[in-house]
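Text of work_36.txt, listed as compact mmCIF, C-alpha atoms:
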```
# COMPACT_ATOMS: atom_id res chain seq x y z
CA MET A 1112 -35.99 19.76 -1.11
CA HIS A 1113 -33.93 22.36 -2.96
CA THR A 1114 -32.31 23.49 0.26
CA CYS A 1115 -31.07 19.92 0.77
CA VAL A 1116 -29.77 19.66 -2.80
CA LYS A 1117 -28.00 23.01 -2.61
CA SER A 1118 -26.54 22.14 0.77
CA LEU A 1119 -25.14 18.87 -0.64
CA PHE A 1120 -23.49 20.63 -3.58
CA GLU A 1121 -22.12 23.37 -1.33
CA ASN A 1122 -20.54 20.73 0.93
CA LEU A 1123 -19.15 18.89 -2.12
CA TRP A 1124 -17.74 22.19 -3.42
CA GLN A 1125 -16.06 23.16 -0.15
CA ASN A 1126 -14.54 19.69 0.14
CA TYR A 1127 -13.33 19.87 -3.48
CA LEU A 1128 -11.66 23.24 -2.83
CA THR A 1129 -9.57 21.74 0.01
CA VAL A 1130 -7.68 19.53 -2.48
CA THR A 1131 -8.09 21.64 -5.64
CA PRO A 1132 -6.60 25.07 -4.84
CA SER A 1133 -6.65 26.12 -8.50
CA ALA A 1134 -10.46 25.87 -8.66
CA ARG A 1135 -10.99 29.16 -6.83
CA GLN A 1136 -8.56 30.91 -9.20
CA VAL A 1137 -10.34 29.46 -12.25
CA HIS A 1138 -13.65 30.64 -10.82
CA GLN A 1139 -12.31 34.17 -10.42
CA LEU A 1140 -10.72 34.19 -13.89
CA LEU A 1141 -13.85 33.13 -15.77
CA GLY A 1142 -16.53 34.88 -13.75
CA SER A 1143 -18.07 38.25 -14.51
CA SER A 1144 -17.86 41.06 -11.96
CA GLN A 1145 -21.49 41.93 -12.73
CA LYS A 1146 -23.08 38.60 -11.78
CA ASP A 1147 -22.21 35.12 -10.54
CA ASP A 1148 -22.20 33.40 -13.92
CA VAL A 1149 -19.87 30.50 -13.15
CA ILE A 1150 -22.63 27.90 -13.09
CA ASN A 1151 -21.89 24.25 -12.33
CA ASP A 1152 -22.92 22.02 -15.26
CA HIS A 1153 -22.16 18.74 -13.49
CA ILE A 1154 -20.01 16.93 -10.96
CA ALA A 1155 -18.44 13.49 -11.27
CA LEU A 1156 -17.98 10.82 -8.61
CA ARG A 1157 -15.88 7.65 -8.72
CA THR A 1158 -16.45 4.32 -6.98
CA PHE A 1159 -16.13 0.53 -7.31
CA ASN A 1160 -18.75 -2.06 -8.28
CA LEU A 1161 -18.70 -3.71 -4.84
CA PRO A 1162 -22.16 -4.12 -3.26
CA LYS A 1163 -21.41 -1.78 -0.35
CA VAL A 1164 -20.34 1.23 -2.45
CA ASN A 1165 -21.44 0.60 -6.01
CA LEU A 1166 -22.80 3.21 -8.41
CA ASP A 1167 -26.37 2.64 -7.24
CA LYS A 1168 -25.42 3.26 -3.59
CA LEU A 1169 -23.98 6.66 -4.52
CA ALA A 1170 -26.88 7.43 -6.83
CA ALA A 1171 -29.36 6.77 -4.01
CA HIS A 1172 -28.28 10.04 -2.38
CA PHE A 1173 -29.36 11.96 -5.50
CA LEU A 1174 -32.49 9.92 -6.25
CA ALA A 1175 -33.72 10.80 -2.75
CA LEU A 1176 -33.37 14.47 -3.70
CA GLY A 1177 -35.43 14.23 -6.87
CA TYR A 1178 -32.84 13.21 -9.45
CA THR A 1179 -33.62 10.63 -12.14
CA GLU A 1180 -31.36 8.34 -14.18
CA CYS A 1181 -30.92 9.64 -17.74
CA GLY A 1182 -28.12 7.75 -19.51
CA GLU A 1183 -25.54 4.99 -19.23
CA TYR A 1184 -22.02 4.74 -20.60
CA HIS A 1185 -19.43 1.98 -21.10
CA PHE A 1186 -15.66 2.49 -21.08
CA GLU A 1187 -14.24 -0.88 -22.10
CA ALA A 1188 -10.53 0.00 -22.07
CA LYS A 1189 -10.73 1.65 -18.63
CA LYS A 1190 -13.04 -1.11 -17.29
CA LEU A 1191 -15.62 1.45 -16.21
CA TYR A 1192 -19.40 1.72 -16.28
CA ALA A 1193 -21.21 5.01 -15.67
CA LYS A 1194 -24.63 6.65 -15.47
CA HIS A 1195 -25.71 10.26 -15.41
CA PHE A 1196 -28.57 11.80 -13.48
CA GLU A 1197 -30.60 14.97 -13.89
CA HIS A 1198 -33.05 16.92 -11.76
CA ALA A 1199 -36.40 18.21 -12.98
CA ASP A 1200 -35.11 21.66 -12.02
CA THR A 1201 -32.64 22.16 -14.87
CA SER A 1202 -30.80 24.86 -12.90
CA LEU A 1203 -29.43 22.12 -10.65
CA PRO A 1204 -26.19 20.38 -11.71
CA LYS A 1205 -26.18 17.08 -13.50
CA VAL A 1206 -24.38 14.18 -11.81
CA PHE A 1207 -22.05 11.66 -13.51
CA ILE A 1208 -21.21 8.56 -11.45
CA SER A 1209 -18.79 5.87 -12.61
CA GLU A 1210 -17.64 2.59 -11.09
CA LEU A 1211 -14.60 0.39 -11.71
CA LEU A 1212 -15.60 -3.14 -12.77
CA LEU A 1213 -13.39 -5.14 -10.43
CA ASP A 1214 -14.27 -8.45 -12.07
CA LYS A 1215 -12.35 -7.21 -15.13
CA CYS A 1216 -9.26 -6.29 -13.06
CA SER A 1217 -6.40 -8.39 -11.71
CA ALA A 1218 -6.85 -10.52 -8.60
CA SER A 1219 -4.35 -8.40 -6.68
CA LEU A 1220 -6.14 -5.13 -7.49
CA ARG A 1221 -9.47 -6.71 -6.63
CA GLU A 1222 -8.16 -7.95 -3.27
CA THR A 1223 -6.61 -4.57 -2.42
CA ILE A 1224 -9.77 -2.60 -3.19
CA THR A 1225 -12.05 -5.14 -1.48
CA ALA A 1226 -9.94 -4.85 1.69
CA LEU A 1227 -10.14 -1.04 1.63
CA VAL A 1228 -13.90 -0.95 1.11
CA ALA A 1229 -14.39 -3.51 3.90
CA GLN A 1230 -13.12 -0.84 6.31
CA ILE A 1231 -16.06 1.49 5.56
CA PRO A 1232 -18.77 1.20 8.25
CA ASP A 1233 -22.07 0.13 6.68
CA ASP A 1234 -23.93 3.15 8.02
CA ALA A 1235 -21.31 5.54 6.61
CA VAL A 1236 -22.48 4.86 3.04
CA THR A 1237 -26.02 6.09 3.72
CA ALA A 1238 -24.92 9.04 5.88
CA ASP A 1239 -25.68 12.51 4.45
CA ASN A 1240 -21.96 13.34 4.24
CA PHE A 1241 -20.75 10.14 2.53
CA LEU A 1242 -20.29 11.73 -0.90
CA TYR A 1243 -17.68 14.12 0.52
CA SER A 1244 -16.30 11.92 3.31
CA GLY A 1245 -12.93 11.16 1.68
CA THR A 1246 -11.17 7.92 2.56
CA HIS A 1247 -12.23 5.50 5.29
CA TRP A 1248 -8.90 3.67 5.22
CA GLN A 1249 -5.16 4.20 5.04
CA ILE A 1250 -2.85 2.99 2.30
CA ASP A 1251 0.92 3.16 1.91
CA GLY A 1252 2.86 4.55 -1.03
CA ALA A 1253 3.69 1.11 -2.43
CA THR A 1254 0.01 0.10 -2.53
CA TYR A 1255 -0.86 3.33 -4.35
CA ALA A 1256 1.95 2.71 -6.86
CA ALA A 1257 0.81 -0.89 -7.46
CA LEU A 1258 -2.76 0.27 -8.12
CA LEU A 1259 -1.52 3.07 -10.37
CA ALA A 1260 0.44 0.59 -12.51
CA GLU A 1261 -2.83 -1.12 -13.41
CA SER A 1262 -5.56 1.49 -13.07
CA GLU A 1263 -5.19 5.23 -12.59
CA TYR A 1264 -8.87 5.28 -11.61
CA ALA A 1265 -8.35 2.72 -8.82
CA ALA A 1266 -5.28 4.53 -7.50
CA TRP A 1267 -7.01 7.91 -7.48
CA THR A 1268 -10.07 6.59 -5.67
CA ALA A 1269 -7.92 4.70 -3.15
CA ALA A 1270 -5.94 7.88 -2.41
CA TRP A 1271 -8.82 10.38 -2.28
CA GLY A 1272 -11.91 8.35 -1.47
CA TYR A 1273 -15.39 9.79 -1.78
CA ARG A 1274 -15.51 13.36 -3.05
CA ALA A 1275 -16.26 15.21 -6.29
CA ASN A 1276 -13.62 14.24 -8.82
CA HIS A 1277 -14.38 17.47 -10.67
CA PHE A 1278 -16.81 20.33 -10.98
CA THR A 1279 -17.68 21.70 -14.43
CA VAL A 1280 -18.15 25.27 -15.63
CA ASN A 1281 -21.22 25.73 -17.83
CA VAL A 1282 -19.60 27.72 -20.66
CA ASN A 1283 -23.00 28.61 -22.17
CA ASP A 1284 -23.74 30.86 -19.17
CA LEU A 1285 -20.42 32.74 -19.07
CA GLN A 1286 -20.72 36.48 -19.79
CA LYS A 1287 -17.08 37.10 -20.78
CA PHE A 1288 -16.63 34.21 -23.23
CA ASP A 1289 -18.49 33.09 -26.34
CA SER A 1290 -16.69 29.81 -27.03
CA LEU A 1291 -14.76 27.01 -25.37
CA GLU A 1292 -11.71 28.06 -27.44
CA GLN A 1293 -11.78 31.47 -25.74
CA VAL A 1294 -12.06 29.86 -22.32
CA ASN A 1295 -9.09 27.59 -23.06
CA GLU A 1296 -6.95 30.50 -24.27
CA ALA A 1297 -7.72 32.50 -21.12
CA LEU A 1298 -6.81 29.52 -18.95
CA LYS A 1299 -3.53 28.90 -20.76
CA SER A 1300 -2.63 32.59 -20.67
CA ALA A 1301 -3.12 32.50 -16.90
CA GLY A 1302 -0.74 29.54 -16.61
CA PHE A 1303 -3.20 26.66 -16.23
CA LEU A 1304 -2.28 23.35 -17.85
CA LEU A 1305 -4.99 21.72 -19.96
CA ASN A 1306 -5.68 18.06 -20.59
CA THR A 1307 -4.60 17.52 -24.21
CA SER A 1308 -5.56 13.81 -24.43
CA GLY A 1309 -7.76 13.57 -27.50
CA GLY A 1310 -7.13 17.27 -28.19
CA GLU A 1311 -7.70 20.29 -25.97
CA ILE A 1312 -11.38 20.21 -26.93
CA LYS A 1313 -13.14 16.86 -26.82
CA GLY A 1314 -16.33 16.59 -28.85
CA THR A 1315 -17.83 18.87 -31.50
CA PRO A 1316 -21.04 20.83 -32.13
CA GLU A 1317 -22.13 17.83 -34.23
CA VAL A 1318 -22.35 15.66 -31.08
CA TYR A 1319 -23.90 18.65 -29.23
CA LEU A 1320 -21.19 18.82 -26.55
CA GLU A 1321 -17.67 20.24 -26.35
CA GLN A 1322 -15.55 19.66 -23.25
CA SER A 1323 -12.12 20.64 -21.99
CA SER A 1324 -10.44 20.44 -18.60
CA THR A 1325 -7.44 21.48 -16.58
CA LEU A 1326 -4.97 18.85 -15.44
CA ALA A 1327 -5.54 17.86 -11.83
CA ASP A 1328 -3.71 19.87 -9.20
CA ILE A 1329 -0.64 18.16 -7.72
CA VAL A 1330 -1.05 18.33 -3.95
CA PRO A 1331 0.24 16.47 -0.89
CA VAL A 1332 -1.62 13.38 0.30
CA GLN A 1333 -0.91 11.59 3.56
CA PHE A 1334 -0.17 7.91 3.04
CA SER A 1335 0.37 5.64 6.05
CA ASP A 1336 4.14 5.72 5.46
CA GLY A 1337 4.58 9.40 4.62
CA GLU A 1338 3.45 12.27 2.47
CA ALA A 1339 3.50 12.25 -1.34
CA GLN A 1340 2.58 14.73 -4.07
CA ILE A 1341 -0.03 13.24 -6.39
CA PRO A 1342 -2.82 14.46 -8.73
CA SER A 1343 -6.02 15.42 -6.90
CA CYS A 1344 -9.02 16.94 -8.72
CA PHE A 1345 -9.52 19.10 -11.80
CA TYR A 1346 -11.94 21.62 -13.30
CA GLU A 1347 -13.90 20.84 -16.45
CA PHE A 1348 -15.57 23.19 -18.95
CA ALA A 1349 -18.63 22.20 -20.99
CA ARG A 1350 -20.29 23.93 -23.93
CA ARG A 1351 -23.65 22.42 -24.89
CA TYR A 1352 -25.48 22.79 -28.19
CA THR A 1353 -29.13 22.80 -29.18
CA LEU A 1354 -30.68 19.59 -30.50
CA PRO A 1355 -32.86 19.56 -33.65
CA ASN A 1356 -35.92 19.60 -31.36
CA GLY A 1357 -34.83 22.98 -30.00
CA LYS A 1358 -33.76 21.68 -26.58
CA LEU A 1359 -30.25 21.92 -25.19
CA TYR A 1360 -28.37 18.60 -25.14
CA THR A 1361 -28.02 17.43 -21.53
CA GLY A 1362 -26.24 14.09 -21.95
CA PHE A 1363 -22.61 13.03 -22.19
CA VAL A 1364 -20.44 11.67 -25.02
CA ALA A 1365 -18.59 8.50 -24.00
CA ALA A 1366 -15.64 9.08 -26.37
CA SER A 1367 -15.07 12.53 -24.85
CA ALA A 1368 -15.63 11.44 -21.24
CA ASP A 1369 -13.06 8.69 -21.79
CA LYS A 1370 -10.40 11.38 -22.37
CA ILE A 1371 -11.66 13.61 -19.54
CA PHE A 1372 -10.95 10.75 -17.10
CA GLU A 1373 -7.27 11.21 -17.98
CA SER A 1374 -7.19 14.67 -16.37
CA THR A 1375 -6.08 12.94 -13.16
CA ASN A 1376 -3.23 11.00 -14.81
CA ALA A 1377 0.23 11.45 -13.29
CA ARG A 1378 2.51 13.86 -15.12
```
Spell out the structure here as structure tokens.
Amino acid sequence: MHTCVKSLFENLWQNYLTVTPSARQVHQLLGSSQKDDVINDHIALRTFNLPKVNLDKLAAHFLALGYTECGEYHFEAKKLYAKHFEHADTSLPKVFISELLLDKCSASLRETITALVAQIPDDAVTADNFLYSGTHWQIDGATYAALLAESEYAAWTAAWGYRANHFTVNVNDLQKFDSLEQVNEALKSAGFLLNTSGGEIKGTPEVYLEQSSTLADIVPVQFSDGEAQIPSCFYEFARRYTLPNGKLYTGFVAASADKIFESTNAR
């Protein structure tokens, strides 16, 4: 079982590195030379609430590997719904899956996304590699721009398809840093740009979770009518705090996650 889980995350990681070149540099910057202490707190995946590829279809891959559903989140302004999943083995990463609620979007966006998803073979969604399979369609630059004008989330998912939107460093386990502030300063000193939406640090010890993130790398993507430079994926950093019952908080804070989504906004 654990071999399968670890293999899935390794494949997701390798796929993520192909479009997020900064991730390897961040890993090297934050890690200790004594031990591998850059531990992945969670990954995030994006999809649409169409029957073929909805949140539950993505979650099925993790439920089959022993994960259980642990929380749900609503993002009214972004028209998103999300759940997070955890494994009984707490050393394994948490998983955050969101879906765009197409019934709350314009008819044109709904039609565009429905046409893209229709191109995915039914058996592809249940295949072991679906979560890092990328796009199963081609779009042109104008379609991307039209989606972006209404929903950054829709445009990103149309351009990049199925892959980890971000990995997350577990700041609690870092040897060289005692706080998220120290991590952020090291990142900025090394030239990384941070997401400042809602402040560099989203959340507080009072809500038991602090988060920050880099801005997504700008990399080339191949549209059907040519190449363009657009935001790909980013790296997040999470510091968790102990609950009154003595256990470490393992959930997510919707108000903070709302701002983390903006790490892939165009700049």
Find the residues of range 1135-1190 of chain A that sit at most 6 Å from range 1195-1201 of chain A; for each, write down the nearest two atoms and how far apart they are in Å, to one decimal. Count all atoms listed in the file. Sort by chain, then by number going up, and give it as a tab-separated table.
```
residue	atom	partner	partner_atom	distance
A:Tyr1178	CA	A:His1198	CA	4.4
A:Thr1179	CA	A:Phe1196	CA	5.4
A:Glu1180	CA	A:Phe1196	CA	4.5
A:Cys1181	CA	A:Phe1196	CA	5.3
A:Gly1182	CA	A:His1195	CA	5.4
```
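The gap separating CA of Gly1245 in chain A from CA of Glu1121 in chain A is 15.6 Å, in Å to one decimal.
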CA of Asp1251 in chain A to CA of Arg1221 in chain A, straight-line distance in Å: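 Value for the CA of Arg1221 in chain A-CA of Asp1251 in chain A distance: 16.7 Å.
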Just need the box for range 1358-1376 of chain A, edges along x, y and z, holding every atom the file lists for it with 5 Å tacked onto each side, so centre and edge lengths in Å to one decimal, as JSON.
```
{"center_x": -18.5, "center_y": 15.2, "center_z": -19.9, "size_x": 40.5, "size_y": 23.4, "size_z": 23.4}
```
So which one's closest to Asp1284 in chain A, A:Val1164, A:Thr1158, A:Arg1350, A:Ala1175? Using all atoms listed in the file, please.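 Counting all atoms listed in the file, the residue closest to Asp1284 in chain A is A:Arg1350.
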Residue neighbourhood Leu1320 in chain A, 12 Å, all atoms listed in the file, exclusion window fewer than 5 positions, as a list in words: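 Final neighbour list, sorted by chain and number: Asp1152, Asn1281, Val1282, Asn1283, Ser1290, Leu1291, Ile1312, Lys1313, Gly1314, Thr1315, Phe1348, Ala1349, Arg1350, Arg1351, Tyr1352, Thr1353, Leu1354, Leu1359, Tyr1360, Thr1361, Gly1362, Phe1363, Val1364, Ala1365, Ala1366, Ser1367 and Ala1368 of chain A.
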May I ask which of the residues A:Ala1257, A:Leu1191, A:Leu1123, A:Ala1155 is the closest one to Ser1244 in chain A, counting all atoms listed in the file?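 Smallest distance to Ser1244 in chain A is found for A:Leu1123.
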Give the answer as one residue: which of A:Ser1209, A:Ser1323, A:Thr1268, A:Ser1202 has the shortest atom-to-atom distance to Tyr1184 in chain A, using all atoms listed in the file?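 Checking each candidate against Tyr1184 in chain A, we get A:Ser1209 as the closest.
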Mind pulling up the distance from CA of Leu1259 in chain A to CA of Val1280 in chain A?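 Interatomic distance here is 28.2 Å.
Closest to Thr1375 in chain A among A:Phe1288, A:Ala1229, A:Leu1213, A:Thr1131 is A:Thr1131, based on only C-alpha atoms.
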